[in-house]
Amino acid sequence: MVFVLGGPGAGKGTQCTNIVKEFGWCHLSAGDLLRAERATGSANAELINTYIREGKIVPVEITVKLLLAAMEKSETKKFLIDGFPRSLNNYEGWYDVVGDDVHVAFCLFFECPEEELERRLLARAQSSGRDDDNIESIRKRFKIFIEETMPVIDKFKAKDQLKLISSVQSIEEVWGQTKLLFKDL
Ligand SMILES: Nc1ncnc2c1ncn2[C@@H]1O[C@H](COP(=O)(O)OP(=O)(O)OP(=O)(O)O)[C@@H](O)[C@H]1O
Ligand SMILES: O=c1ccn([C@@H]2O[C@H](COP(=O)(O)O)[C@@H](O)[C@H]2O)c(=O)[nH]1
Ligand SMILES: [Mg+2]
């Protein structure tokens with residue numbers, strides 16, 4: 001399994017789609033799973049809705065449950081977990097439940113400056129239909145990324161499990177570097 005992290009709009013979903021096409025991995029975006037759960041109108045739907053709009057991190061029990069359910073349904077066990085763990089609390093919540101049962105090859109971090117992320121998200125807003133692709137939510141998401149997610153990236157780095165790719169380059173250039181990490185996995 002590979003965790004895929006990066007600021008909002010860094011290109012996680014875009015590159016995961018390429019990895020699925022070329023290498024047949026199973027792409028699980030925690031954000032997509034939460035949006036799908038919200039759409040079911042389940043008991044957690046309203047809570048998820050509020051957290052996403054505010055750019056806040058949904059309680060880890062909910063996210064881990066959704067991830068594990070999606071993993072069980074997959075035929076391949078090569079998982080790309082996109083947008084998770086988003087905080088040290090998420091990280092601990094994952095290891096409390098999953099432990100070392102699932103091998104983590106590395107955490108892939110797409111690094112990109114905030115001005116470029118903001119440009120991409122505002123452009124994506126025209127077509128994404130995402131209610132957090134607006135300038136107020138985007139700024140909140142950036143803040144949470146710096147405060148909560150960067151410490152997770154630092155943790156993977158300290159464990160020598162971090163692969164960093166600059167995603168300020170074109171999609172093709174980022175893909176050129178990304179695919180090198182997967183060809184022998
Ligand atoms: N390297 C790139 N250069 C320019 N635009 C890009 C690049 N990578 C992705 N994009 C565009 O930026 C937008 C955000 O990309 P994507 O949805 O893959 O990001 P993400 O990291 O999954 O974002 P989020 O965290 O909000 O889910 C999309 O419109 C995508 O087409
Ligand atoms: O592990 C997670 C992943 C996502 N969220 C919430 O969803 C939105 C959107 O996530 P994307 O990765 O941009 O699709 C995020 O801002 C969080 O509110 C989460 O809580 N936990
Ligand atoms: Mg995404």
# chains A, B, ... in the order shown; residues from 1 in each chain; ligands from 1
>>> residues_near_ligand(ligand="ligand 2", cutoff="6 Å", atoms="only C-alpha atoms and all ligand atoms", output="PyMOL selection string")
chain A and resi 8+30-32+51-52+55-58+63+83-86+141
>>> select_by_dssp(residues="stretch 2-185 of chain A", states="helix (DSSP H, G or I)", output="PyMOL selection string")
chain A and resi 12-23+30-40+45-54+60-73+88-98+114-128+135-158+171-182
>>> residues_near_ligand(ligand="ligand 3", cutoff="7 Å", atoms="only C-alpha atoms and all ligand atoms", output="list in words")
Gly9, Gly11, Lys12, Gly13, Ser29 and Gly31 of chain A
>>> write_last_selection(atoms="N, CA, C and O atoms", output="mmCIF file, in the first residue's frame")
data_model
loop_
_atom_site.group_PDB
_atom_site.id
_atom_site.type_symbol
_atom_site.label_atom_id
_atom_site.label_comp_id
_atom_site.auth_asym_id
_atom_site.auth_seq_id
_atom_site.Cartn_x
_atom_site.Cartn_y
_atom_site.Cartn_z
ATOM 1 N N GLY A 9 -5.508 20.163 -4.117
ATOM 2 C CA GLY A 9 -5.253 20.531 -5.509
ATOM 3 C C GLY A 9 -3.856 20.187 -5.999
ATOM 4 O O GLY A 9 -3.473 20.542 -7.118
ATOM 5 N N GLY A 11 -2.734 17.478 -7.039
ATOM 6 C CA GLY A 11 -2.734 16.529 -8.161
ATOM 7 C C GLY A 11 -2.736 15.071 -7.712
ATOM 8 O O GLY A 11 -2.407 14.178 -8.497
ATOM 9 N N LYS A 12 -3.158 14.826 -6.490
ATOM 10 C CA LYS A 12 -3.185 13.447 -5.964
ATOM 11 C C LYS A 12 -4.104 12.565 -6.814
ATOM 12 O O LYS A 12 -3.730 11.491 -7.262
ATOM 13 N N GLY A 13 -5.326 13.051 -6.997
ATOM 14 C CA GLY A 13 -6.309 12.271 -7.751
ATOM 15 C C GLY A 13 -5.863 12.057 -9.197
ATOM 16 O O GLY A 13 -5.981 10.958 -9.741
ATOM 17 N N SER A 29 -9.747 7.256 -2.581
ATOM 18 C CA SER A 29 -9.634 8.625 -2.085
ATOM 19 C C SER A 29 -10.527 8.744 -0.858
ATOM 20 O O SER A 29 -11.739 8.517 -0.934
ATOM 21 N N GLY A 31 -11.420 11.367 0.663
ATOM 22 C CA GLY A 31 -12.391 12.436 0.419
ATOM 23 C C GLY A 31 -13.568 11.933 -0.414
ATOM 24 O O GLY A 31 -14.731 12.222 -0.110
#
>>> residues_near_ligand(ligand="ligand 1", cutoff="10 Å", atoms="only C-alpha atoms and all ligand atoms", output="ChimeraX atom specification")
/A:4-17,29-32,82-83,110-112,116-128,130,132-133,138,141-142,145,166-175
>>> atom_distance(atom1="atom CA of A:Ile19", atom2="atom CA of A:Thr178")
8.3 Å
>>> select_by_dssp(residues="stretch 16-183 of chain A", states="strand (DSSP E or B)", output="compact mmCIF listing (two decimals) with all heavy atoms, in the first residue's frame")
# COMPACT_ATOMS: atom_id res chain seq x y z
N CYS A 26 -5.50 -0.17 -6.92
CA CYS A 26 -6.84 0.26 -6.49
C CYS A 26 -6.71 1.63 -5.81
O CYS A 26 -5.99 1.77 -4.82
CB CYS A 26 -7.41 -0.77 -5.51
SG CYS A 26 -8.92 -0.21 -4.70
N HIS A 27 -7.38 2.63 -6.38
CA HIS A 27 -7.30 4.00 -5.85
C HIS A 27 -8.45 4.27 -4.90
O HIS A 27 -9.62 4.22 -5.31
CB HIS A 27 -7.35 4.99 -7.03
CG HIS A 27 -7.47 6.42 -6.63
ND1 HIS A 27 -8.12 7.37 -7.41
CD2 HIS A 27 -7.03 7.10 -5.53
CE1 HIS A 27 -8.06 8.54 -6.81
NE2 HIS A 27 -7.40 8.41 -5.67
N LEU A 28 -8.14 4.56 -3.64
CA LEU A 28 -9.18 4.91 -2.68
C LEU A 28 -8.92 6.31 -2.17
O LEU A 28 -7.95 6.54 -1.42
CB LEU A 28 -9.19 3.91 -1.52
CG LEU A 28 -9.52 2.46 -1.90
CD1 LEU A 28 -9.39 1.54 -0.69
CD2 LEU A 28 -10.91 2.35 -2.50
N SER A 29 -9.75 7.26 -2.58
CA SER A 29 -9.63 8.62 -2.08
C SER A 29 -10.53 8.74 -0.86
O SER A 29 -11.74 8.52 -0.93
CB SER A 29 -10.08 9.61 -3.18
OG SER A 29 -10.57 10.79 -2.59
N PHE A 79 -3.06 -0.98 -2.81
CA PHE A 79 -3.92 0.17 -2.55
C PHE A 79 -3.16 1.50 -2.57
O PHE A 79 -2.10 1.61 -1.96
CB PHE A 79 -4.58 0.04 -1.18
CG PHE A 79 -5.50 -1.14 -1.06
CD1 PHE A 79 -5.17 -2.23 -0.27
CD2 PHE A 79 -6.71 -1.17 -1.77
CE1 PHE A 79 -6.02 -3.33 -0.19
CE2 PHE A 79 -7.56 -2.26 -1.68
CZ PHE A 79 -7.21 -3.34 -0.89
N LEU A 80 -3.78 2.47 -3.24
CA LEU A 80 -3.34 3.87 -3.14
C LEU A 80 -4.33 4.55 -2.23
O LEU A 80 -5.51 4.69 -2.60
CB LEU A 80 -3.43 4.55 -4.51
CG LEU A 80 -2.54 4.03 -5.62
CD1 LEU A 80 -3.03 4.54 -6.97
CD2 LEU A 80 -1.11 4.49 -5.37
N ILE A 81 -3.91 4.96 -1.07
CA ILE A 81 -4.82 5.64 -0.15
C ILE A 81 -4.56 7.14 -0.27
O ILE A 81 -3.52 7.64 0.19
CB ILE A 81 -4.61 5.16 1.31
CG1 ILE A 81 -4.68 3.62 1.39
CG2 ILE A 81 -5.63 5.80 2.23
CD1 ILE A 81 -6.03 3.01 1.20
N ASP A 82 -5.47 7.83 -0.92
CA ASP A 82 -5.30 9.24 -1.32
C ASP A 82 -5.96 10.17 -0.29
O ASP A 82 -7.15 10.05 0.00
CB ASP A 82 -5.91 9.35 -2.73
CG ASP A 82 -6.25 10.75 -3.20
OD1 ASP A 82 -6.03 11.72 -2.47
OD2 ASP A 82 -6.77 10.85 -4.33
N PHE A 106 5.52 3.17 1.05
CA PHE A 106 5.99 4.53 1.31
C PHE A 106 4.80 5.49 1.31
O PHE A 106 3.67 5.11 0.97
CB PHE A 106 7.05 4.99 0.29
CG PHE A 106 6.65 4.82 -1.16
CD1 PHE A 106 5.84 5.74 -1.81
CD2 PHE A 106 7.11 3.73 -1.89
CE1 PHE A 106 5.50 5.59 -3.15
CE2 PHE A 106 6.77 3.56 -3.24
CZ PHE A 106 5.96 4.49 -3.87
N CYS A 107 5.08 6.73 1.68
CA CYS A 107 4.09 7.80 1.55
C CYS A 107 4.60 8.71 0.43
O CYS A 107 5.73 9.19 0.48
CB CYS A 107 3.98 8.59 2.86
SG CYS A 107 2.97 10.09 2.69
N LEU A 108 3.77 8.91 -0.58
CA LEU A 108 4.13 9.77 -1.71
C LEU A 108 3.56 11.17 -1.46
O LEU A 108 2.34 11.32 -1.26
CB LEU A 108 3.54 9.16 -2.99
CG LEU A 108 3.65 9.96 -4.28
CD1 LEU A 108 5.09 10.36 -4.58
CD2 LEU A 108 3.09 9.14 -5.44
N PHE A 109 4.44 12.16 -1.45
CA PHE A 109 4.02 13.53 -1.14
C PHE A 109 4.22 14.41 -2.37
O PHE A 109 5.34 14.57 -2.86
CB PHE A 109 4.85 14.04 0.04
CG PHE A 109 4.71 15.52 0.33
CD1 PHE A 109 3.47 16.16 0.26
CD2 PHE A 109 5.82 16.27 0.70
CE1 PHE A 109 3.34 17.52 0.53
CE2 PHE A 109 5.70 17.63 0.99
CZ PHE A 109 4.47 18.25 0.89
N PHE A 110 3.11 14.97 -2.86
CA PHE A 110 3.17 15.91 -3.98
C PHE A 110 3.26 17.32 -3.41
O PHE A 110 2.30 17.82 -2.81
CB PHE A 110 1.94 15.77 -4.89
CG PHE A 110 1.94 14.49 -5.68
CD1 PHE A 110 0.97 13.52 -5.47
CD2 PHE A 110 2.93 14.24 -6.63
CE1 PHE A 110 0.97 12.34 -6.20
CE2 PHE A 110 2.95 13.05 -7.35
CZ PHE A 110 1.97 12.10 -7.13
N GLU A 111 4.40 17.94 -3.61
CA GLU A 111 4.66 19.27 -3.04
C GLU A 111 4.38 20.35 -4.09
O GLU A 111 4.85 20.24 -5.23
CB GLU A 111 6.12 19.35 -2.60
CG GLU A 111 6.45 20.62 -1.86
CD GLU A 111 7.91 20.64 -1.43
OE1 GLU A 111 8.79 20.45 -2.30
OE2 GLU A 111 8.16 20.82 -0.23
N LEU A 162 9.32 8.47 3.12
CA LEU A 162 8.70 9.53 2.31
C LEU A 162 9.35 9.62 0.93
O LEU A 162 10.57 9.62 0.80
CB LEU A 162 8.83 10.89 3.01
CG LEU A 162 7.98 12.00 2.38
CD1 LEU A 162 6.52 11.80 2.75
CD2 LEU A 162 8.44 13.38 2.81
N LYS A 163 8.49 9.70 -0.12
CA LYS A 163 8.96 9.99 -1.48
C LYS A 163 8.33 11.32 -1.88
O LYS A 163 7.09 11.44 -1.88
CB LYS A 163 8.49 8.92 -2.47
CG LYS A 163 8.87 7.50 -2.08
CD LYS A 163 10.30 7.16 -2.42
CE LYS A 163 10.58 5.70 -2.13
NZ LYS A 163 12.02 5.40 -2.15
N LEU A 164 9.16 12.29 -2.17
CA LEU A 164 8.65 13.64 -2.47
C LEU A 164 8.80 13.93 -3.96
O LEU A 164 9.87 13.74 -4.53
CB LEU A 164 9.43 14.66 -1.63
CG LEU A 164 9.01 16.12 -1.70
CD1 LEU A 164 9.42 16.84 -0.40
CD2 LEU A 164 9.58 16.87 -2.89
N ILE A 165 7.70 14.40 -4.56
CA ILE A 165 7.75 14.83 -5.97
C ILE A 165 7.15 16.23 -6.06
O ILE A 165 6.07 16.49 -5.50
CB ILE A 165 6.96 13.85 -6.87
CG1 ILE A 165 7.69 12.48 -6.92
CG2 ILE A 165 6.79 14.41 -8.29
CD1 ILE A 165 7.02 11.43 -7.78
N SER A 166 7.85 17.12 -6.75
CA SER A 166 7.31 18.46 -6.94
C SER A 166 6.20 18.38 -7.98
O SER A 166 6.42 17.92 -9.10
CB SER A 166 8.40 19.41 -7.43
OG SER A 166 7.77 20.58 -7.93
>>> atom_distance(atom1="atom CA of A:Phe23", atom2="atom CA of A:Phe182")
7.5 Å
>>> residues_around(residues="stretch 42-44 of chain A", least_positions_apart="6", cutoff="12 Å", atoms="only C-alpha atoms", output="list in words")
Leu34, Arg35, Ala36, Thr50, Tyr51, Val58, Pro59, Glu61, Ile62, Thr63 and Leu66 of chain A
>>> write_last_selection(atoms="N, CA and C atoms", output="mmCIF file, in the first residue's frame")
data_model
loop_
_atom_site.group_PDB
_atom_site.id
_atom_site.type_symbol
_atom_site.label_atom_id
_atom_site.label_comp_id
_atom_site.auth_asym_id
_atom_site.auth_seq_id
_atom_site.Cartn_x
_atom_site.Cartn_y
_atom_site.Cartn_z
ATOM 1 N N LEU A 34 -15.806 9.788 1.696
ATOM 2 C CA LEU A 34 -16.626 10.598 2.620
ATOM 3 C C LEU A 34 -17.759 11.296 1.863
ATOM 4 N N ARG A 35 -17.469 11.799 0.661
ATOM 5 C CA ARG A 35 -18.532 12.460 -0.124
ATOM 6 C C ARG A 35 -19.613 11.451 -0.511
ATOM 7 N N ALA A 36 -19.189 10.214 -0.820
ATOM 8 C CA ALA A 36 -20.170 9.179 -1.182
ATOM 9 C C ALA A 36 -21.030 8.818 0.038
ATOM 10 N N THR A 50 -20.763 18.991 7.339
ATOM 11 C CA THR A 50 -20.250 20.155 8.072
ATOM 12 C C THR A 50 -18.728 20.164 8.064
ATOM 13 N N TYR A 51 -18.119 19.010 8.321
ATOM 14 C CA TYR A 51 -16.649 18.948 8.358
ATOM 15 C C TYR A 51 -16.054 19.302 7.004
ATOM 16 N N VAL A 58 -12.647 14.865 9.434
ATOM 17 C CA VAL A 58 -13.740 14.027 9.955
ATOM 18 C C VAL A 58 -13.157 13.037 10.980
ATOM 19 N N PRO A 59 -13.891 12.731 12.068
ATOM 20 C CA PRO A 59 -13.366 11.783 13.062
ATOM 21 C C PRO A 59 -12.847 10.501 12.416
ATOM 22 N N GLU A 61 -12.518 7.432 13.150
ATOM 23 C CA GLU A 61 -13.256 6.150 13.173
ATOM 24 C C GLU A 61 -14.111 6.024 11.914
ATOM 25 N N ILE A 62 -14.717 7.147 11.509
ATOM 26 C CA ILE A 62 -15.598 7.130 10.333
ATOM 27 C C ILE A 62 -14.774 6.839 9.072
ATOM 28 N N THR A 63 -13.655 7.548 8.935
ATOM 29 C CA THR A 63 -12.847 7.417 7.710
ATOM 30 C C THR A 63 -12.221 6.027 7.614
ATOM 31 N N LEU A 66 -14.730 3.443 6.499
ATOM 32 C CA LEU A 66 -15.034 3.533 5.058
ATOM 33 C C LEU A 66 -13.879 2.965 4.222
#
>>> decode(residues="stretch 68-91 of chain A", atoms="N, CA, C and O atoms", output="mmCIF file, in the first residue's frame")
data_model
loop_
_atom_site.group_PDB
_atom_site.id
_atom_site.type_symbol
_atom_site.label_atom_id
_atom_site.label_comp_id
_atom_site.auth_asym_id
_atom_site.auth_seq_id
_atom_site.Cartn_x
_atom_site.Cartn_y
_atom_site.Cartn_z
ATOM 1 N N LEU A 68 -11.629 0.693 5.136
ATOM 2 C CA LEU A 68 -11.526 -0.767 5.284
ATOM 3 C C LEU A 68 -12.634 -1.477 4.505
ATOM 4 O O LEU A 68 -12.392 -2.515 3.877
ATOM 5 N N ALA A 69 -13.824 -0.889 4.510
ATOM 6 C CA ALA A 69 -14.934 -1.505 3.761
ATOM 7 C C ALA A 69 -14.612 -1.500 2.265
ATOM 8 O O ALA A 69 -14.837 -2.500 1.566
ATOM 9 N N ALA A 70 -14.044 -0.403 1.773
ATOM 10 C CA ALA A 70 -13.692 -0.320 0.351
ATOM 11 C C ALA A 70 -12.544 -1.286 0.030
ATOM 12 O O ALA A 70 -12.532 -1.916 -1.032
ATOM 13 N N MET A 71 -11.608 -1.438 0.936
ATOM 14 C CA MET A 71 -10.473 -2.348 0.703
ATOM 15 C C MET A 71 -10.947 -3.792 0.606
ATOM 16 O O MET A 71 -10.447 -4.572 -0.204
ATOM 17 N N GLU A 72 -11.924 -4.117 1.421
ATOM 18 C CA GLU A 72 -12.440 -5.497 1.402
ATOM 19 C C GLU A 72 -13.068 -5.846 0.066
ATOM 20 O O GLU A 72 -13.027 -6.992 -0.369
ATOM 21 N N LYS A 73 -13.671 -4.834 -0.561
ATOM 22 C CA LYS A 73 -14.372 -5.089 -1.839
ATOM 23 C C LYS A 73 -13.409 -5.221 -3.021
ATOM 24 O O LYS A 73 -13.823 -5.629 -4.105
ATOM 25 N N SER A 74 -12.156 -4.819 -2.822
ATOM 26 C CA SER A 74 -11.230 -4.769 -3.954
ATOM 27 C C SER A 74 -10.580 -6.123 -4.219
ATOM 28 O O SER A 74 -10.191 -6.819 -3.276
ATOM 29 N N GLU A 75 -10.435 -6.457 -5.514
ATOM 30 C CA GLU A 75 -9.753 -7.708 -5.864
ATOM 31 C C GLU A 75 -8.250 -7.556 -5.673
ATOM 32 O O GLU A 75 -7.598 -8.411 -5.090
ATOM 33 N N THR A 76 -7.701 -6.423 -6.162
ATOM 34 C CA THR A 76 -6.257 -6.221 -5.964
ATOM 35 C C THR A 76 -6.014 -5.696 -4.553
ATOM 36 O O THR A 76 -6.856 -5.003 -3.971
ATOM 37 N N LYS A 77 -4.892 -6.060 -4.014
ATOM 38 C CA LYS A 77 -4.538 -5.588 -2.666
ATOM 39 C C LYS A 77 -3.459 -4.505 -2.740
ATOM 40 O O LYS A 77 -2.846 -4.158 -1.734
ATOM 41 N N LYS A 78 -3.239 -3.983 -3.941
ATOM 42 C CA LYS A 78 -2.284 -2.874 -4.091
ATOM 43 C C LYS A 78 -3.076 -1.579 -3.993
ATOM 44 O O LYS A 78 -3.707 -1.144 -4.965
ATOM 45 N N PHE A 79 -3.056 -0.976 -2.808
ATOM 46 C CA PHE A 79 -3.923 0.174 -2.550
ATOM 47 C C PHE A 79 -3.163 1.499 -2.574
ATOM 48 O O PHE A 79 -2.102 1.613 -1.960
ATOM 49 N N LEU A 80 -3.784 2.470 -3.238
ATOM 50 C CA LEU A 80 -3.341 3.867 -3.142
ATOM 51 C C LEU A 80 -4.335 4.552 -2.234
ATOM 52 O O LEU A 80 -5.511 4.686 -2.600
ATOM 53 N N ILE A 81 -3.911 4.961 -1.073
ATOM 54 C CA ILE A 81 -4.822 5.641 -0.146
ATOM 55 C C ILE A 81 -4.555 7.144 -0.270
ATOM 56 O O ILE A 81 -3.523 7.644 0.191
ATOM 57 N N ASP A 82 -5.475 7.827 -0.916
ATOM 58 C CA ASP A 82 -5.296 9.237 -1.315
ATOM 59 C C ASP A 82 -5.956 10.167 -0.291
ATOM 60 O O ASP A 82 -7.148 10.047 0.000
ATOM 61 N N GLY A 83 -5.151 11.088 0.264
ATOM 62 C CA GLY A 83 -5.710 12.109 1.160
ATOM 63 C C GLY A 83 -5.869 11.646 2.598
ATOM 64 O O GLY A 83 -6.612 12.266 3.370
ATOM 65 N N PHE A 84 -5.186 10.617 2.980
ATOM 66 C CA PHE A 84 -5.238 10.043 4.323
ATOM 67 C C PHE A 84 -3.889 9.362 4.579
ATOM 68 O O PHE A 84 -3.367 8.753 3.653
ATOM 69 N N PRO A 85 -3.329 9.380 5.794
ATOM 70 C CA PRO A 85 -3.796 10.047 7.017
ATOM 71 C C PRO A 85 -3.512 11.551 6.979
ATOM 72 O O PRO A 85 -2.438 11.980 6.644
ATOM 73 N N ARG A 86 -4.521 12.296 7.381
ATOM 74 C CA ARG A 86 -4.502 13.754 7.259
ATOM 75 C C ARG A 86 -4.025 14.464 8.510
ATOM 76 O O ARG A 86 -3.897 15.677 8.527
ATOM 77 N N SER A 87 -3.798 13.688 9.572
ATOM 78 C CA SER A 87 -3.354 14.269 10.840
ATOM 79 C C SER A 87 -2.658 13.156 11.618
ATOM 80 O O SER A 87 -2.820 11.969 11.285
ATOM 81 N N LEU A 88 -1.935 13.549 12.674
ATOM 82 C CA LEU A 88 -1.292 12.514 13.500
ATOM 83 C C LEU A 88 -2.351 11.653 14.174
ATOM 84 O O LEU A 88 -2.172 10.450 14.355
ATOM 85 N N ASN A 89 -3.484 12.257 14.494
ATOM 86 C CA ASN A 89 -4.588 11.492 15.074
ATOM 87 C C ASN A 89 -5.106 10.445 14.065
ATOM 88 O O ASN A 89 -5.389 9.303 14.433
ATOM 89 N N ASN A 90 -5.201 10.823 12.782
ATOM 90 C CA ASN A 90 -5.591 9.870 11.721
ATOM 91 C C ASN A 90 -4.570 8.739 11.650
ATOM 92 O O ASN A 90 -4.919 7.560 11.509
ATOM 93 N N TYR A 91 -3.316 9.113 11.695
ATOM 94 C CA TYR A 91 -2.215 8.141 11.588
ATOM 95 C C TYR A 91 -2.328 7.107 12.708
ATOM 96 O O TYR A 91 -2.281 5.905 12.473
#
